[in-house]
Amino acid sequence: MKKSFGEKLKNLFSKKIDEEFFEELTDSLVEGDIGAKTAFEITDELEQICRQKKISEQKDILAELKQLLLKNIREVTLEPDMTKQNVWMVLGVNGVGKTTSVAKLANLFKTRGVENLVLASADTFRAAAIEQLDTHGEKIGVRVVSHQHGSDPSAVVFDAAEAVKSKGPGLVIADTAGRLRSRLTKAVTKKSS
Ligand SMILES: Nc1nc2c(ncn2[C@@H]2O[C@H](COP(=O)(O)OP(=O)(O)OP(=O)(O)O)[C@@H](O)[C@H]2O)c(=O)[nH]1
Ligand SMILES: [Mg+2]
């Protein structure tokens with residue numbers, strides 16, 4: 001089974017600290033979807049800090065890395081504009097928690113009083129993804145729009161958007177299969193125009 005980002009880091013931090021270590025760290029950060037530019041910047045800064053502070057112990061380097069990673073996390077406020085129709089797409093690499101986050105967001109906004117709320121099952125790629133979102137929808141009492149497994153994901157988002165639109169301002173939260181956002185957004189824009 002493919003190692004998770006956390007497992008890879010753990011493994012790396014049990015090795016000897018040398019030049020190769022920093023190269024492997026950069027690779028792990030890129031593979032962990034941090035982005036090549038940021039990954040190189042983080043590793044360069046970490047190397048610099050280690051030199052300046054004369055740090056060589058794995059646990060101390062790890063603590064510095066944690067600080068650098070935290071520095072790169074941005075806080076955002078997610079709030080639908082309830083004077084209009086909002087369509088949110090949840091993206092991210094496999095298994096990162098997209099579907100769970102869709103359900104958590106739906107539950108949060110439902111309890112905050114958003115009534116015109118529809119989930120779009122736009123992960124039509126992975127087997128059982130539709131059932132997974134259906135189960136969440138049932139549990140939290142939110143409507144889920146879905147098509148057949150293997151169908152066009154943009155058509156699902158389009159139908160969910162239409163369902164919300166027919167009732168006025170509201171929110172669509174779309175679960176997706178991952179990161180092929182250019183294809184999906186292009187298709188949704190084309191269908192809506
Ligand atoms: N500990 C922990 N586990 C989580 C969290 N969010 C999701 N998970 C678990 O991570 C696994 C994957 O979550 P999903 O929500 O299915 O992730 P996904 O990105 O939709 O996965 P794919 O659709 O396969 O790409 C599940 O076992 C979840 O229960 C979280 O915040 N904390
Ligand atoms: Mg999913």
# chains A, B, ... in the order shown; residues from 1 in each chain; ligands from 1
call {"tool": "residues_near_ligand", "arguments": {"ligand": "ligand 1", "cutoff": "10 Å", "atoms": "only C-alpha atoms and all ligand atoms", "output": "PDB file with all heavy atoms, in the first residue's frame"}}
result
ATOM      1  N   VAL A  90     -15.280  20.823  -3.920  1.00  0.00           N
ATOM      2  CA  VAL A  90     -14.251  20.379  -2.979  1.00  0.00           C
ATOM      3  C   VAL A  90     -13.229  19.526  -3.738  1.00  0.00           C
ATOM      4  O   VAL A  90     -13.572  18.514  -4.328  1.00  0.00           O
ATOM      5  CB  VAL A  90     -14.883  19.618  -1.796  1.00  0.00           C
ATOM      6  CG1 VAL A  90     -13.822  19.099  -0.850  1.00  0.00           C
ATOM      7  CG2 VAL A  90     -15.843  20.543  -1.049  1.00  0.00           C
ATOM      8  N   LEU A  91     -12.001  20.013  -3.743  1.00  0.00           N
ATOM      9  CA  LEU A  91     -10.931  19.371  -4.519  1.00  0.00           C
ATOM     10  C   LEU A  91      -9.815  18.894  -3.610  1.00  0.00           C
ATOM     11  O   LEU A  91      -9.655  19.401  -2.500  1.00  0.00           O
ATOM     12  CB  LEU A  91     -10.348  20.369  -5.527  1.00  0.00           C
ATOM     13  CG  LEU A  91     -11.338  21.040  -6.466  1.00  0.00           C
ATOM     14  CD1 LEU A  91     -10.731  22.275  -7.097  1.00  0.00           C
ATOM     15  CD2 LEU A  91     -11.801  20.075  -7.535  1.00  0.00           C
ATOM     16  N   GLY A  92      -9.027  17.974  -4.095  1.00  0.00           N
ATOM     17  CA  GLY A  92      -7.889  17.494  -3.304  1.00  0.00           C
ATOM     18  C   GLY A  92      -7.478  16.120  -3.760  1.00  0.00           C
ATOM     19  O   GLY A  92      -8.265  15.417  -4.400  1.00  0.00           O
ATOM     20  N   VAL A  93      -6.262  15.749  -3.426  1.00  0.00           N
ATOM     21  CA  VAL A  93      -5.760  14.441  -3.861  1.00  0.00           C
ATOM     22  C   VAL A  93      -6.536  13.298  -3.203  1.00  0.00           C
ATOM     23  O   VAL A  93      -7.270  13.516  -2.238  1.00  0.00           O
ATOM     24  CB  VAL A  93      -4.246  14.280  -3.579  1.00  0.00           C
ATOM     25  CG1 VAL A  93      -3.435  15.140  -4.510  1.00  0.00           C
ATOM     26  CG2 VAL A  93      -3.913  14.587  -2.145  1.00  0.00           C
ATOM     27  N   ASN A  94      -6.344  12.117  -3.738  1.00  0.00           N
ATOM     28  CA  ASN A  94      -7.093  10.942  -3.266  1.00  0.00           C
ATOM     29  C   ASN A  94      -6.987  10.726  -1.759  1.00  0.00           C
ATOM     30  O   ASN A  94      -5.888  10.761  -1.220  1.00  0.00           O
ATOM     31  CB  ASN A  94      -6.582   9.678  -3.958  1.00  0.00           C
ATOM     32  CG  ASN A  94      -6.860   9.702  -5.437  1.00  0.00           C
ATOM     33  OD1 ASN A  94      -7.489  10.638  -5.920  1.00  0.00           O
ATOM     34  ND2 ASN A  94      -6.393   8.699  -6.140  1.00  0.00           N
ATOM     35  N   GLY A  95      -8.140  10.508  -1.153  1.00  0.00           N
ATOM     36  CA  GLY A  95      -8.179  10.113   0.245  1.00  0.00           C
ATOM     37  C   GLY A  95      -7.854  11.214   1.237  1.00  0.00           C
ATOM     38  O   GLY A  95      -7.641  10.956   2.424  1.00  0.00           O
ATOM     39  N   VAL A  96      -7.858  12.463   0.774  1.00  0.00           N
ATOM     40  CA  VAL A  96      -7.460  13.558   1.656  1.00  0.00           C
ATOM     41  C   VAL A  96      -8.604  14.002   2.598  1.00  0.00           C
ATOM     42  O   VAL A  96      -8.378  14.720   3.569  1.00  0.00           O
ATOM     43  CB  VAL A  96      -6.905  14.731   0.795  1.00  0.00           C
ATOM     44  CG1 VAL A  96      -8.024  15.566   0.197  1.00  0.00           C
ATOM     45  CG2 VAL A  96      -5.922  15.581   1.554  1.00  0.00           C
ATOM     46  N   GLY A  97      -9.803  13.523   2.313  1.00  0.00           N
ATOM     47  CA  GLY A  97     -10.945  13.862   3.172  1.00  0.00           C
ATOM     48  C   GLY A  97     -11.983  14.747   2.508  1.00  0.00           C
ATOM     49  O   GLY A  97     -12.760  15.422   3.193  1.00  0.00           O
ATOM     50  N   LYS A  98     -12.053  14.719   1.186  1.00  0.00           N
ATOM     51  CA  LYS A  98     -13.000  15.578   0.450  1.00  0.00           C
ATOM     52  C   LYS A  98     -14.452  15.263   0.824  1.00  0.00           C
ATOM     53  O   LYS A  98     -15.198  16.153   1.229  1.00  0.00           O
ATOM     54  CB  LYS A  98     -12.838  15.396  -1.069  1.00  0.00           C
ATOM     55  CG  LYS A  98     -11.509  15.838  -1.610  1.00  0.00           C
ATOM     56  CD  LYS A  98     -11.417  15.619  -3.109  1.00  0.00           C
ATOM     57  CE  LYS A  98     -11.428  14.159  -3.510  1.00  0.00           C
ATOM     58  NZ  LYS A  98     -10.241  13.395  -3.055  1.00  0.00           N
ATOM     59  N   THR A  99     -14.826  13.987   0.681  1.00  0.00           N
ATOM     60  CA  THR A  99     -16.223  13.614   0.910  1.00  0.00           C
ATOM     61  C   THR A  99     -16.630  13.886   2.359  1.00  0.00           C
ATOM     62  O   THR A  99     -17.724  14.404   2.624  1.00  0.00           O
ATOM     63  CB  THR A  99     -16.428  12.118   0.540  1.00  0.00           C
ATOM     64  OG1 THR A  99     -15.918  11.924  -0.775  1.00  0.00           O
ATOM     65  CG2 THR A  99     -17.879  11.722   0.589  1.00  0.00           C
ATOM     66  N   THR A 100     -15.743  13.573   3.278  1.00  0.00           N
ATOM     67  CA  THR A 100     -16.030  13.831   4.695  1.00  0.00           C
ATOM     68  C   THR A 100     -16.191  15.332   4.930  1.00  0.00           C
ATOM     69  O   THR A 100     -17.090  15.763   5.664  1.00  0.00           O
ATOM     70  CB  THR A 100     -14.885  13.279   5.578  1.00  0.00           C
ATOM     71  OG1 THR A 100     -14.582  11.950   5.161  1.00  0.00           O
ATOM     72  CG2 THR A 100     -15.253  13.285   7.040  1.00  0.00           C
ATOM     73  N   SER A 101     -15.337  16.124   4.277  1.00  0.00           N
ATOM     74  CA  SER A 101     -15.424  17.578   4.445  1.00  0.00           C
ATOM     75  C   SER A 101     -16.723  18.132   3.862  1.00  0.00           C
ATOM     76  O   SER A 101     -17.312  19.059   4.431  1.00  0.00           O
ATOM     77  CB  SER A 101     -14.237  18.276   3.772  1.00  0.00           C
ATOM     78  OG  SER A 101     -13.039  17.846   4.375  1.00  0.00           O
ATOM     79  N   VAL A 102     -17.162  17.554   2.741  1.00  0.00           N
ATOM     80  CA  VAL A 102     -18.434  17.984   2.139  1.00  0.00           C
ATOM     81  C   VAL A 102     -19.556  17.783   3.168  1.00  0.00           C
ATOM     82  O   VAL A 102     -20.384  18.669   3.406  1.00  0.00           O
ATOM     83  CB  VAL A 102     -18.736  17.183   0.841  1.00  0.00           C
ATOM     84  CG1 VAL A 102     -20.176  17.373   0.392  1.00  0.00           C
ATOM     85  CG2 VAL A 102     -17.779  17.591  -0.270  1.00  0.00           C
ATOM     86  N   ALA A 103     -19.557  16.592   3.804  1.00  0.00           N
ATOM     87  CA  ALA A 103     -20.588  16.286   4.791  1.00  0.00           C
ATOM     88  C   ALA A 103     -20.475  17.206   6.010  1.00  0.00           C
ATOM     89  O   ALA A 103     -21.489  17.700   6.530  1.00  0.00           O
ATOM     90  CB  ALA A 103     -20.473  14.829   5.220  1.00  0.00           C
ATOM     91  N   LYS A 104     -19.243  17.461   6.453  1.00  0.00           N
ATOM     92  CA  LYS A 104     -19.055  18.327   7.624  1.00  0.00           C
ATOM     93  C   LYS A 104     -19.536  19.746   7.323  1.00  0.00           C
ATOM     94  O   LYS A 104     -20.186  20.391   8.151  1.00  0.00           O
ATOM     95  CB  LYS A 104     -17.572  18.371   8.021  1.00  0.00           C
ATOM     96  CG  LYS A 104     -17.078  17.140   8.754  1.00  0.00           C
ATOM     97  CD  LYS A 104     -15.616  17.318   9.085  1.00  0.00           C
ATOM     98  CE  LYS A 104     -15.048  16.151   9.878  1.00  0.00           C
ATOM     99  NZ  LYS A 104     -13.600  16.275  10.074  1.00  0.00           N
ATOM    100  N   ASP A 123     -18.208  13.062  -7.763  1.00  0.00           N
ATOM    101  CA  ASP A 123     -17.190  12.010  -7.916  1.00  0.00           C
ATOM    102  C   ASP A 123     -17.910  10.822  -8.528  1.00  0.00           C
ATOM    103  O   ASP A 123     -18.443   9.962  -7.826  1.00  0.00           O
ATOM    104  CB  ASP A 123     -16.553  11.633  -6.571  1.00  0.00           C
ATOM    105  CG  ASP A 123     -15.495  10.532  -6.743  1.00  0.00           C
ATOM    106  OD1 ASP A 123     -15.322  10.061  -7.882  1.00  0.00           O
ATOM    107  OD2 ASP A 123     -14.845  10.161  -5.747  1.00  0.00           O
ATOM    108  N   THR A 124     -17.935  10.810  -9.847  1.00  0.00           N
ATOM    109  CA  THR A 124     -18.611   9.708 -10.542  1.00  0.00           C
ATOM    110  C   THR A 124     -17.588   8.661 -10.964  1.00  0.00           C
ATOM    111  O   THR A 124     -17.893   7.709 -11.644  1.00  0.00           O
ATOM    112  CB  THR A 124     -19.343  10.225 -11.803  1.00  0.00           C
ATOM    113  OG1 THR A 124     -18.387  10.849 -12.651  1.00  0.00           O
ATOM    114  CG2 THR A 124     -20.434  11.202 -11.450  1.00  0.00           C
ATOM    115  N   PHE A 125     -16.330   8.906 -10.538  1.00  0.00           N
ATOM    116  CA  PHE A 125     -15.218   8.057 -10.973  1.00  0.00           C
ATOM    117  C   PHE A 125     -15.008   6.851 -10.060  1.00  0.00           C
ATOM    118  O   PHE A 125     -14.937   5.718 -10.509  1.00  0.00           O
ATOM    119  CB  PHE A 125     -13.947   8.916 -11.041  1.00  0.00           C
ATOM    120  CG  PHE A 125     -12.726   8.173 -11.472  1.00  0.00           C
ATOM    121  CD1 PHE A 125     -12.568   7.772 -12.791  1.00  0.00           C
ATOM    122  CD2 PHE A 125     -11.724   7.853 -10.561  1.00  0.00           C
ATOM    123  CE1 PHE A 125     -11.447   7.080 -13.197  1.00  0.00           C
ATOM    124  CE2 PHE A 125     -10.596   7.164 -10.949  1.00  0.00           C
ATOM    125  CZ  PHE A 125     -10.464   6.773 -12.273  1.00  0.00           C
ATOM    126  N   ARG A 126     -14.923   7.119  -8.743  1.00  0.00           N
ATOM    127  CA  ARG A 126     -14.601   6.027  -7.807  1.00  0.00           C
ATOM    128  C   ARG A 126     -15.859   5.229  -7.474  1.00  0.00           C
ATOM    129  O   ARG A 126     -16.902   5.812  -7.163  1.00  0.00           O
ATOM    130  CB  ARG A 126     -13.975   6.586  -6.516  1.00  0.00           C
ATOM    131  CG  ARG A 126     -13.508   5.490  -5.567  1.00  0.00           C
ATOM    132  CD  ARG A 126     -12.708   6.062  -4.419  1.00  0.00           C
ATOM    133  NE  ARG A 126     -13.463   6.955  -3.555  1.00  0.00           N
ATOM    134  CZ  ARG A 126     -14.305   6.553  -2.626  1.00  0.00           C
ATOM    135  NH1 ARG A 126     -14.558   5.276  -2.433  1.00  0.00           N
ATOM    136  NH2 ARG A 126     -14.919   7.447  -1.874  1.00  0.00           N
ATOM    137  N   ALA A 127     -15.722   3.916  -7.548  1.00  0.00           N
ATOM    138  CA  ALA A 127     -16.845   3.047  -7.194  1.00  0.00           C
ATOM    139  C   ALA A 127     -17.199   3.327  -5.742  1.00  0.00           C
ATOM    140  O   ALA A 127     -16.327   3.569  -4.922  1.00  0.00           O
ATOM    141  CB  ALA A 127     -16.422   1.594  -7.366  1.00  0.00           C
ATOM    142  N   ALA A 128     -18.463   3.374  -5.416  1.00  0.00           N
ATOM    143  CA  ALA A 128     -18.971   3.558  -4.044  1.00  0.00           C
ATOM    144  C   ALA A 128     -18.911   5.003  -3.541  1.00  0.00           C
ATOM    145  O   ALA A 128     -19.369   5.297  -2.445  1.00  0.00           O
ATOM    146  CB  ALA A 128     -18.261   2.642  -3.045  1.00  0.00           C
ATOM    147  N   ALA A 129     -18.362   5.920  -4.362  1.00  0.00           N
ATOM    148  CA  ALA A 129     -18.306   7.323  -3.921  1.00  0.00           C
ATOM    149  C   ALA A 129     -19.722   7.904  -3.786  1.00  0.00           C
ATOM    150  O   ALA A 129     -20.001   8.672  -2.857  1.00  0.00           O
ATOM    151  CB  ALA A 129     -17.484   8.151  -4.899  1.00  0.00           C
ATOM    152  N   ILE A 130     -20.592   7.509  -4.716  1.00  0.00           N
ATOM    153  CA  ILE A 130     -21.965   8.038  -4.708  1.00  0.00           C
ATOM    154  C   ILE A 130     -22.700   7.560  -3.458  1.00  0.00           C
ATOM    155  O   ILE A 130     -23.324   8.345  -2.744  1.00  0.00           O
ATOM    156  CB  ILE A 130     -22.712   7.628  -6.008  1.00  0.00           C
ATOM    157  CG1 ILE A 130     -22.007   8.284  -7.218  1.00  0.00           C
ATOM    158  CG2 ILE A 130     -24.181   8.036  -5.959  1.00  0.00           C
ATOM    159  CD1 ILE A 130     -22.452   7.760  -8.573  1.00  0.00           C
ATOM    160  N   GLN A 132     -21.368   6.622  -0.702  1.00  0.00           N
ATOM    161  CA  GLN A 132     -20.732   7.242   0.487  1.00  0.00           C
ATOM    162  C   GLN A 132     -21.379   8.601   0.783  1.00  0.00           C
ATOM    163  O   GLN A 132     -21.743   8.907   1.920  1.00  0.00           O
ATOM    164  CB  GLN A 132     -19.233   7.417   0.229  1.00  0.00           C
ATOM    165  CG  GLN A 132     -18.438   7.868   1.448  1.00  0.00           C
ATOM    166  CD  GLN A 132     -16.977   8.175   1.100  1.00  0.00           C
ATOM    167  OE1 GLN A 132     -16.548   7.993  -0.028  1.00  0.00           O
ATOM    168  NE2 GLN A 132     -16.238   8.640   2.075  1.00  0.00           N
ATOM    169  N   LEU A 133     -21.555   9.411  -0.272  1.00  0.00           N
ATOM    170  CA  LEU A 133     -22.152  10.733  -0.060  1.00  0.00           C
ATOM    171  C   LEU A 133     -23.641  10.615   0.264  1.00  0.00           C
ATOM    172  O   LEU A 133     -24.165  11.366   1.096  1.00  0.00           O
ATOM    173  CB  LEU A 133     -21.925  11.625  -1.282  1.00  0.00           C
ATOM    174  CG  LEU A 133     -22.186  13.113  -1.027  1.00  0.00           C
ATOM    175  CD1 LEU A 133     -21.185  13.695  -0.025  1.00  0.00           C
ATOM    176  CD2 LEU A 133     -22.147  13.920  -2.308  1.00  0.00           C
ATOM    177  N   ASP A 175     -18.980  17.288  -4.214  1.00  0.00           N
ATOM    178  CA  ASP A 175     -17.890  16.350  -3.947  1.00  0.00           C
ATOM    179  C   ASP A 175     -17.298  15.993  -5.307  1.00  0.00           C
ATOM    180  O   ASP A 175     -18.023  15.841  -6.284  1.00  0.00           O
ATOM    181  CB  ASP A 175     -18.478  15.087  -3.297  1.00  0.00           C
ATOM    182  CG  ASP A 175     -17.394  14.116  -2.870  1.00  0.00           C
ATOM    183  OD1 ASP A 175     -16.274  14.558  -2.601  1.00  0.00           O
ATOM    184  OD2 ASP A 175     -17.692  12.904  -2.784  1.00  0.00           O
ATOM    185  N   THR A 176     -15.992  15.925  -5.401  1.00  0.00           N
ATOM    186  CA  THR A 176     -15.374  15.603  -6.695  1.00  0.00           C
ATOM    187  C   THR A 176     -14.378  14.451  -6.531  1.00  0.00           C
ATOM    188  O   THR A 176     -14.040  14.070  -5.419  1.00  0.00           O
ATOM    189  CB  THR A 176     -14.610  16.816  -7.282  1.00  0.00           C
ATOM    190  OG1 THR A 176     -13.411  17.019  -6.534  1.00  0.00           O
ATOM    191  CG2 THR A 176     -15.448  18.076  -7.280  1.00  0.00           C
ATOM    192  N   ALA A 177     -13.876  13.981  -7.687  1.00  0.00           N
ATOM    193  CA  ALA A 177     -12.925  12.865  -7.647  1.00  0.00           C
ATOM    194  C   ALA A 177     -11.509  13.345  -7.381  1.00  0.00           C
ATOM    195  O   ALA A 177     -10.605  12.547  -7.234  1.00  0.00           O
ATOM    196  CB  ALA A 177     -12.989  12.093  -8.953  1.00  0.00           C
ATOM    197  N   GLY A 178     -11.270  14.621  -7.381  1.00  0.00           N
ATOM    198  CA  GLY A 178      -9.905  15.067  -7.117  1.00  0.00           C
ATOM    199  C   GLY A 178      -9.564  16.423  -7.646  1.00  0.00           C
ATOM    200  O   GLY A 178     -10.189  17.399  -7.281  1.00  0.00           O
ATOM    201  N   ARG A 179      -8.589  16.432  -8.565  1.00  0.00           N
ATOM    202  CA  ARG A 179      -8.001  17.711  -8.927  1.00  0.00           C
ATOM    203  C   ARG A 179      -8.176  18.105 -10.382  1.00  0.00           C
ATOM    204  O   ARG A 179      -7.574  19.073 -10.812  1.00  0.00           O
ATOM    205  CB  ARG A 179      -6.498  17.675  -8.629  1.00  0.00           C
ATOM    206  CG  ARG A 179      -6.185  17.554  -7.182  1.00  0.00           C
ATOM    207  CD  ARG A 179      -4.723  17.596  -6.964  1.00  0.00           C
ATOM    208  NE  ARG A 179      -4.084  16.400  -7.501  1.00  0.00           N
ATOM    209  CZ  ARG A 179      -2.793  16.209  -7.516  1.00  0.00           C
ATOM    210  NH1 ARG A 179      -1.990  17.139  -7.080  1.00  0.00           N
ATOM    211  NH2 ARG A 179      -2.270  15.096  -7.981  1.00  0.00           N
TER     212      ARG A 179
END
call {"tool": "residues_around", "arguments": {"residues": "A:Val156", "least_positions_apart": "4", "cutoff": "9 Å", "atoms": "only C-alpha atoms", "output": "list in words"}}
result
Ala120, Ser121, Ala122, Thr124, Val145, Ser146, His147, Ser151, Asp152, Ala160, Ala161 and Ala174 of chain A
call {"tool": "write_last_selection", "arguments": {"atoms": "N, CA, C and O atoms", "output": "PDB file, in the first residue's frame"}}
result
ATOM      1  N   ALA A 120     -23.779  17.786  -4.391  1.00  0.00           N
ATOM      2  CA  ALA A 120     -23.645  17.207  -5.724  1.00  0.00           C
ATOM      3  C   ALA A 120     -22.617  16.086  -5.679  1.00  0.00           C
ATOM      4  O   ALA A 120     -21.484  16.291  -5.263  1.00  0.00           O
ATOM      5  N   SER A 121     -23.044  14.917  -6.101  1.00  0.00           N
ATOM      6  CA  SER A 121     -22.155  13.747  -6.084  1.00  0.00           C
ATOM      7  C   SER A 121     -21.354  13.723  -7.381  1.00  0.00           C
ATOM      8  O   SER A 121     -21.579  12.875  -8.251  1.00  0.00           O
ATOM      9  N   ALA A 122     -20.396  14.648  -7.489  1.00  0.00           N
ATOM     10  CA  ALA A 122     -19.646  14.768  -8.752  1.00  0.00           C
ATOM     11  C   ALA A 122     -18.406  13.874  -8.813  1.00  0.00           C
ATOM     12  O   ALA A 122     -17.649  13.953  -9.770  1.00  0.00           O
ATOM     13  N   THR A 124     -17.935  10.810  -9.847  1.00  0.00           N
ATOM     14  CA  THR A 124     -18.611   9.708 -10.542  1.00  0.00           C
ATOM     15  C   THR A 124     -17.588   8.661 -10.964  1.00  0.00           C
ATOM     16  O   THR A 124     -17.893   7.709 -11.644  1.00  0.00           O
ATOM     17  N   VAL A 145     -27.772  15.254  -4.980  1.00  0.00           N
ATOM     18  CA  VAL A 145     -28.058  15.020  -6.400  1.00  0.00           C
ATOM     19  C   VAL A 145     -26.964  14.128  -6.964  1.00  0.00           C
ATOM     20  O   VAL A 145     -25.776  14.425  -6.788  1.00  0.00           O
ATOM     21  N   SER A 146     -27.373  13.036  -7.584  1.00  0.00           N
ATOM     22  CA  SER A 146     -26.365  12.146  -8.163  1.00  0.00           C
ATOM     23  C   SER A 146     -26.837  11.571  -9.491  1.00  0.00           C
ATOM     24  O   SER A 146     -28.042  11.534  -9.761  1.00  0.00           O
ATOM     25  N   HIS A 147     -25.887  11.180 -10.301  1.00  0.00           N
ATOM     26  CA  HIS A 147     -26.169  10.461 -11.540  1.00  0.00           C
ATOM     27  C   HIS A 147     -25.534   9.082 -11.408  1.00  0.00           C
ATOM     28  O   HIS A 147     -25.029   8.727 -10.340  1.00  0.00           O
ATOM     29  N   SER A 151     -20.738   8.666 -15.023  1.00  0.00           N
ATOM     30  CA  SER A 151     -21.343   9.723 -15.851  1.00  0.00           C
ATOM     31  C   SER A 151     -20.538  11.025 -15.762  1.00  0.00           C
ATOM     32  O   SER A 151     -19.575  11.128 -15.005  1.00  0.00           O
ATOM     33  N   ASP A 152     -20.972  12.023 -16.519  1.00  0.00           N
ATOM     34  CA  ASP A 152     -20.262  13.297 -16.602  1.00  0.00           C
ATOM     35  C   ASP A 152     -20.423  14.083 -15.277  1.00  0.00           C
ATOM     36  O   ASP A 152     -21.542  14.474 -14.923  1.00  0.00           O
ATOM     37  N   ALA A 160     -27.500  19.926  -9.758  1.00  0.00           N
ATOM     38  CA  ALA A 160     -27.592  20.366  -8.353  1.00  0.00           C
ATOM     39  C   ALA A 160     -27.778  21.883  -8.311  1.00  0.00           C
ATOM     40  O   ALA A 160     -28.578  22.405  -7.518  1.00  0.00           O
ATOM     41  N   ALA A 161     -27.050  22.594  -9.178  1.00  0.00           N
ATOM     42  CA  ALA A 161     -27.166  24.055  -9.237  1.00  0.00           C
ATOM     43  C   ALA A 161     -28.572  24.459  -9.665  1.00  0.00           C
ATOM     44  O   ALA A 161     -29.152  25.409  -9.122  1.00  0.00           O
ATOM     45  N   ALA A 174     -20.181  20.514  -3.933  1.00  0.00           N
ATOM     46  CA  ALA A 174     -19.926  19.392  -4.837  1.00  0.00           C
ATOM     47  C   ALA A 174     -18.724  18.580  -4.379  1.00  0.00           C
ATOM     48  O   ALA A 174     -17.635  19.108  -4.191  1.00  0.00           O
TER      49      ALA A 174
END
call {"tool": "atom_distance", "arguments": {"atom1": "atom CA of A:Glu162", "atom2": "atom CA of A:Val118"}}
result
10.1 Å
call {"tool": "residues_around", "arguments": {"residues": "A:Ile49", "least_positions_apart": "6", "cutoff": "9 Å", "atoms": "only C-alpha atoms", "output": "PyMOL selection string"}}
result
chain A and resi 55+61+64
call {"tool": "select_by_dssp", "arguments": {"residues": "stretch 6-168 of chain A", "states": "strand (DSSP E)", "output": "PyMOL selection string"}}
result
chain A and resi 85-90+117-121+143-145
call {"tool": "write_last_selection", "arguments": {"atoms": "C-alpha atoms", "output": "compact mmCIF listing (two decimals), in the first residue's frame"}}
result
# COMPACT_ATOMS: atom_id res chain seq x y z
CA GLN A 85 -26.54 30.99 -5.52
CA ASN A 86 -23.23 29.56 -4.30
CA VAL A 87 -21.52 26.58 -5.90
CA TRP A 88 -18.54 25.18 -4.04
CA MET A 89 -16.36 22.39 -5.39
CA VAL A 90 -14.25 20.38 -2.98
CA LEU A 117 -28.65 23.30 0.48
CA VAL A 118 -27.87 20.53 -2.01
CA LEU A 119 -24.90 18.20 -2.28
CA ALA A 120 -23.65 17.21 -5.72
CA SER A 121 -22.16 13.75 -6.08
CA ARG A 143 -30.53 16.36 -0.40
CA VAL A 144 -27.91 14.73 -2.61
CA VAL A 145 -28.06 15.02 -6.40
call {"tool": "closest_residue", "arguments": {"among": "A:Phe109, A:Gly168, A:Asp134, A:Cys50", "to": "ligand 2", "atoms": "only C-alpha atoms and all ligand atoms"}}
result
A:Asp134
call {"tool": "residues_around", "arguments": {"residues": "A:Leu62", "least_positions_apart": "4", "cutoff": "12 Å", "atoms": "only C-alpha atoms", "output": "list in words"}}
result
Gly6, Leu9, Lys10, Asn11, Leu12, Phe13, Ser14, Ile17, Phe22, Leu25, Thr43, Leu46, Glu47, Ile49, Cys50, Ile55, Ser56, Glu57, Gln58, Lys66, Gln67, Leu68 and Leu69 of chain A
call {"tool": "write_last_selection", "arguments": {"atoms": "N, CA and C atoms", "output": "tab-separated table (two decimals), in the first residue's frame"}}
result
chain	number	residue	atom	x	y	z
A	6	GLY	N	2.44	11.47	6.08
A	6	GLY	CA	2.95	11.41	7.45
A	6	GLY	C	3.93	10.26	7.65
A	9	LEU	N	7.28	11.03	6.02
A	9	LEU	CA	8.08	11.97	6.82
A	9	LEU	C	8.69	11.26	8.02
A	10	LYS	N	7.87	10.43	8.65
A	10	LYS	CA	8.34	9.68	9.83
A	10	LYS	C	9.55	8.82	9.47
A	11	ASN	N	9.43	8.15	8.35
A	11	ASN	CA	10.49	7.29	7.83
A	11	ASN	C	11.75	8.11	7.54
A	12	LEU	N	11.54	9.24	6.91
A	12	LEU	CA	12.66	10.11	6.54
A	12	LEU	C	13.40	10.64	7.77
A	13	PHE	N	12.62	10.98	8.79
A	13	PHE	CA	13.23	11.55	10.00
A	13	PHE	C	13.88	10.50	10.90
A	14	SER	N	13.87	9.25	10.43
A	14	SER	CA	14.60	8.24	11.21
A	14	SER	C	15.94	7.96	10.54
A	17	ILE	N	20.95	12.60	8.81
A	17	ILE	CA	20.74	13.93	8.23
A	17	ILE	C	21.95	14.32	7.38
A	22	PHE	N	17.74	16.34	2.75
A	22	PHE	CA	16.98	17.52	2.34
A	22	PHE	C	16.37	17.35	0.95
A	25	LEU	N	13.45	15.17	1.45
A	25	LEU	CA	12.38	15.95	2.11
A	25	LEU	C	11.63	16.77	1.08
A	43	THR	N	12.33	23.77	2.20
A	43	THR	CA	13.56	23.00	2.45
A	43	THR	C	14.78	23.92	2.53
A	46	LEU	N	14.69	25.67	5.80
A	46	LEU	CA	14.99	24.73	6.87
A	46	LEU	C	16.50	24.47	6.96
A	47	GLU	N	17.13	24.31	5.81
A	47	GLU	CA	18.58	24.09	5.80
A	47	GLU	C	19.32	25.28	6.40
A	49	ILE	N	18.10	27.54	8.55
A	49	ILE	CA	17.83	27.59	10.00
A	49	ILE	C	18.73	26.60	10.73
A	50	CYS	N	18.84	25.38	10.18
A	50	CYS	CA	19.65	24.35	10.81
A	50	CYS	C	21.12	24.78	10.90
A	55	ILE	N	21.61	23.17	14.36
A	55	ILE	CA	20.72	22.05	14.71
A	55	ILE	C	21.09	20.84	13.86
A	56	SER	N	21.21	19.68	14.49
A	56	SER	CA	21.51	18.48	13.70
A	56	SER	C	20.69	17.26	14.14
A	57	GLU	N	20.01	17.39	15.28
A	57	GLU	CA	19.17	16.27	15.77
A	57	GLU	C	17.87	16.20	14.97
A	58	GLN	N	17.47	14.97	14.63
A	58	GLN	CA	16.24	14.80	13.85
A	58	GLN	C	15.03	15.49	14.50
A	66	LYS	N	7.96	21.76	11.33
A	66	LYS	CA	6.55	21.98	11.72
A	66	LYS	C	6.23	23.47	11.71
A	67	GLN	N	7.14	24.26	12.28
A	67	GLN	CA	6.94	25.71	12.32
A	67	GLN	C	6.83	26.30	10.92
A	68	LEU	N	7.73	25.83	10.03
A	68	LEU	CA	7.72	26.34	8.65
A	68	LEU	C	6.43	25.95	7.92
A	69	LEU	N	5.96	24.72	8.17
A	69	LEU	CA	4.71	24.28	7.52
A	69	LEU	C	3.53	25.09	8.04
